[in-house]
Structures are given as structure tokens and as C-alpha cells.
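Enquirer: Sending over data.txt (compact mmCIF, C-alpha atoms).
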# COMPACT_ATOMS: atom_id res chain seq x y z
CA MET A 218 73.90 107.44 119.83
CA SER A 219 76.74 105.01 120.12
CA GLY A 220 76.46 104.75 123.88
CA THR A 221 80.07 105.72 124.54
CA GLU A 222 81.08 108.43 126.97
CA ASN A 223 83.90 109.68 124.78
CA ASP A 224 82.60 111.54 121.72
CA GLN A 225 85.99 112.23 120.15
CA PRO A 226 86.11 111.17 116.50
CA ARG A 227 88.25 108.16 115.70
CA LEU A 228 91.31 108.56 113.54
CA ALA A 229 91.30 106.69 110.25
CA GLY A 230 94.50 105.28 108.79
CA GLY A 231 93.19 103.15 105.95
CA ILE A 232 93.81 105.90 103.43
CA PHE A 233 97.54 105.46 103.97
CA ILE A 234 97.30 101.83 102.85
CA ALA A 235 95.57 102.88 99.64
CA PHE A 236 97.95 105.78 98.98
CA GLY A 237 100.97 103.62 99.78
CA LEU A 238 99.83 100.99 97.32
CA LEU A 239 99.19 103.55 94.60
CA ILE A 240 102.35 105.56 95.10
CA GLY A 241 104.44 102.41 95.51
CA ALA A 242 103.14 101.04 92.22
CA ILE A 243 103.88 104.31 90.44
CA ILE A 244 107.42 104.43 91.82
CA GLY A 245 107.80 100.74 91.00
CA VAL A 246 106.83 101.34 87.37
CA ALA A 247 109.44 104.08 87.18
CA MET A 248 112.02 101.59 88.45
CA ASP A 249 110.75 98.69 86.26
CA GLN A 250 109.55 96.80 89.37
CA PRO A 251 105.80 97.55 89.71
CA SER A 252 105.02 94.51 91.88
CA ALA A 253 107.86 95.18 94.30
CA GLY A 254 106.90 98.84 94.48
CA ALA A 255 103.28 97.99 95.20
CA VAL A 256 104.27 95.55 97.95
CA MET A 257 106.66 98.04 99.54
CA GLY A 258 104.11 100.84 99.31
CA MET A 259 101.45 98.68 100.90
CA ALA A 260 103.82 97.63 103.66
CA ILE A 261 104.76 101.23 104.46
CA GLY A 262 101.12 102.34 104.32
CA SER A 263 100.12 99.48 106.61
CA ILE A 264 102.79 100.43 109.13
CA VAL A 265 101.56 104.03 109.15
CA ALA A 266 97.93 102.86 109.54
CA VAL A 267 98.85 100.61 112.47
CA LEU A 268 100.76 103.47 114.13
CA ILE A 269 97.72 105.72 113.78
CA TRP A 270 95.49 102.98 115.21
CA VAL A 271 97.81 102.52 118.20
CA MET A 272 97.92 106.27 118.85
CA ASP A 273 94.13 106.43 118.65
CA ARG A 274 93.79 103.55 121.13
CA LYS A 275 96.11 105.31 123.60
CA ARG A 276 94.07 108.50 123.26
CA ARG A 277 90.97 106.82 124.68
Is it possible to give me this structure as C-alpha cells?

Expert:
Amino acid sequence: MSGTENDQPRLAGGIFIAFGLLIGAIIGVAMDQPSAGAVMGMAIGSIVAVLIWVMDRKRR
């Protein structure tokens, strides 16, 4: 009973931040740059999460 008229479930994009961080770190280790890989993975995951958030906001 959230009190909203729209009962569509919200989209969640936070998983992409976590996966980006994990996958980026793994790729970074393979390239001998784990910190850079983790930062790049987190940045890409954050961009995807923000895009999902924007699409979800437009849907409402």
C-alpha cells in the first residue's frame, strides 16, 4: 500500500554497478591493472545504472 496510482514495478540498475566493479577488477588483474579495471568497470556499471534509472523515470 504505497499510495501510488501506478503499480508497475521499478527497474533496478544497482546490480550493474556491482557486476561492473567485479568484472572490471577481473579484467584488470588479467591486464596487470586491477585498480584501473575496477574503476573503469564501476564507471561503466554506473553509466548503465543511470541510463536504467532515466528510462524508468520516463516510463512513469

Enquirer: To box segment 257-269 of chain A, take all atoms listed in the file, fit an axis-aligned box, add 8 Å on each side, and give centre and edge lengths in Å to one decimal, as JSON.

Expert:
{"center_x": 102.2, "center_y": 101.7, "center_z": 106.7, "size_x": 24.9, "size_y": 24.1, "size_z": 30.8}

Enquirer: For each of A:Met272, A:Met257, A:Leu228, A:Ala266, take the minimum atom-to-atom distance to Gly245 of chain A, counting all atoms listed in the file, then give the residue where this is smallest.

Expert: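 When distances to Gly245 of chain A are compared using all atoms listed in the file, the smallest one comes from A:Met257.
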
Enquirer: How far is it from atom CA of Ile232 of chain A to atom CA of Ala260 of chain A, in Å with one decimal?

Expert: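 Value for the atom CA of Ile232 of chain A-atom CA of Ala260 of chain A distance: 13.0 Å.
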
Enquirer: Just give me the gap between atom CA of Gln250 of chain A and atom CA of Gly230 of chain A in Å, one decimal is fine.

Expert: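 Going from atom CA of Gln250 of chain A over to atom CA of Gly230 of chain A covers 26.0 Å.
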
Enquirer: Excluding Ile264 of chain A and any residue of its chain fewer than 3 positions from it, enumerate the residues within 12 Å of it, using all atoms listed in the file, and give them as an MDAnalysis selection string.

Expert: chainID A and resid 230:234 237 257:261 267:271

Enquirer: Using only C-alpha atoms, which of the listed residues (A:Ser263, A:Arg276, A:Ile240, A:Ala253) sits closest to Arg227 of chain A?

Expert: A:Arg276

Enquirer: Here is a test: counting all atoms listed in the file, which residue of A:Pro226, A:Val265, A:Arg277, A:Val256 is nearest to Leu239 of chain A?

Expert: A:Val256

Enquirer: How many Å separate atom CA of Phe236 of chain A from atom CA of Lys275 of chain A?

Expert: 24.7 Å
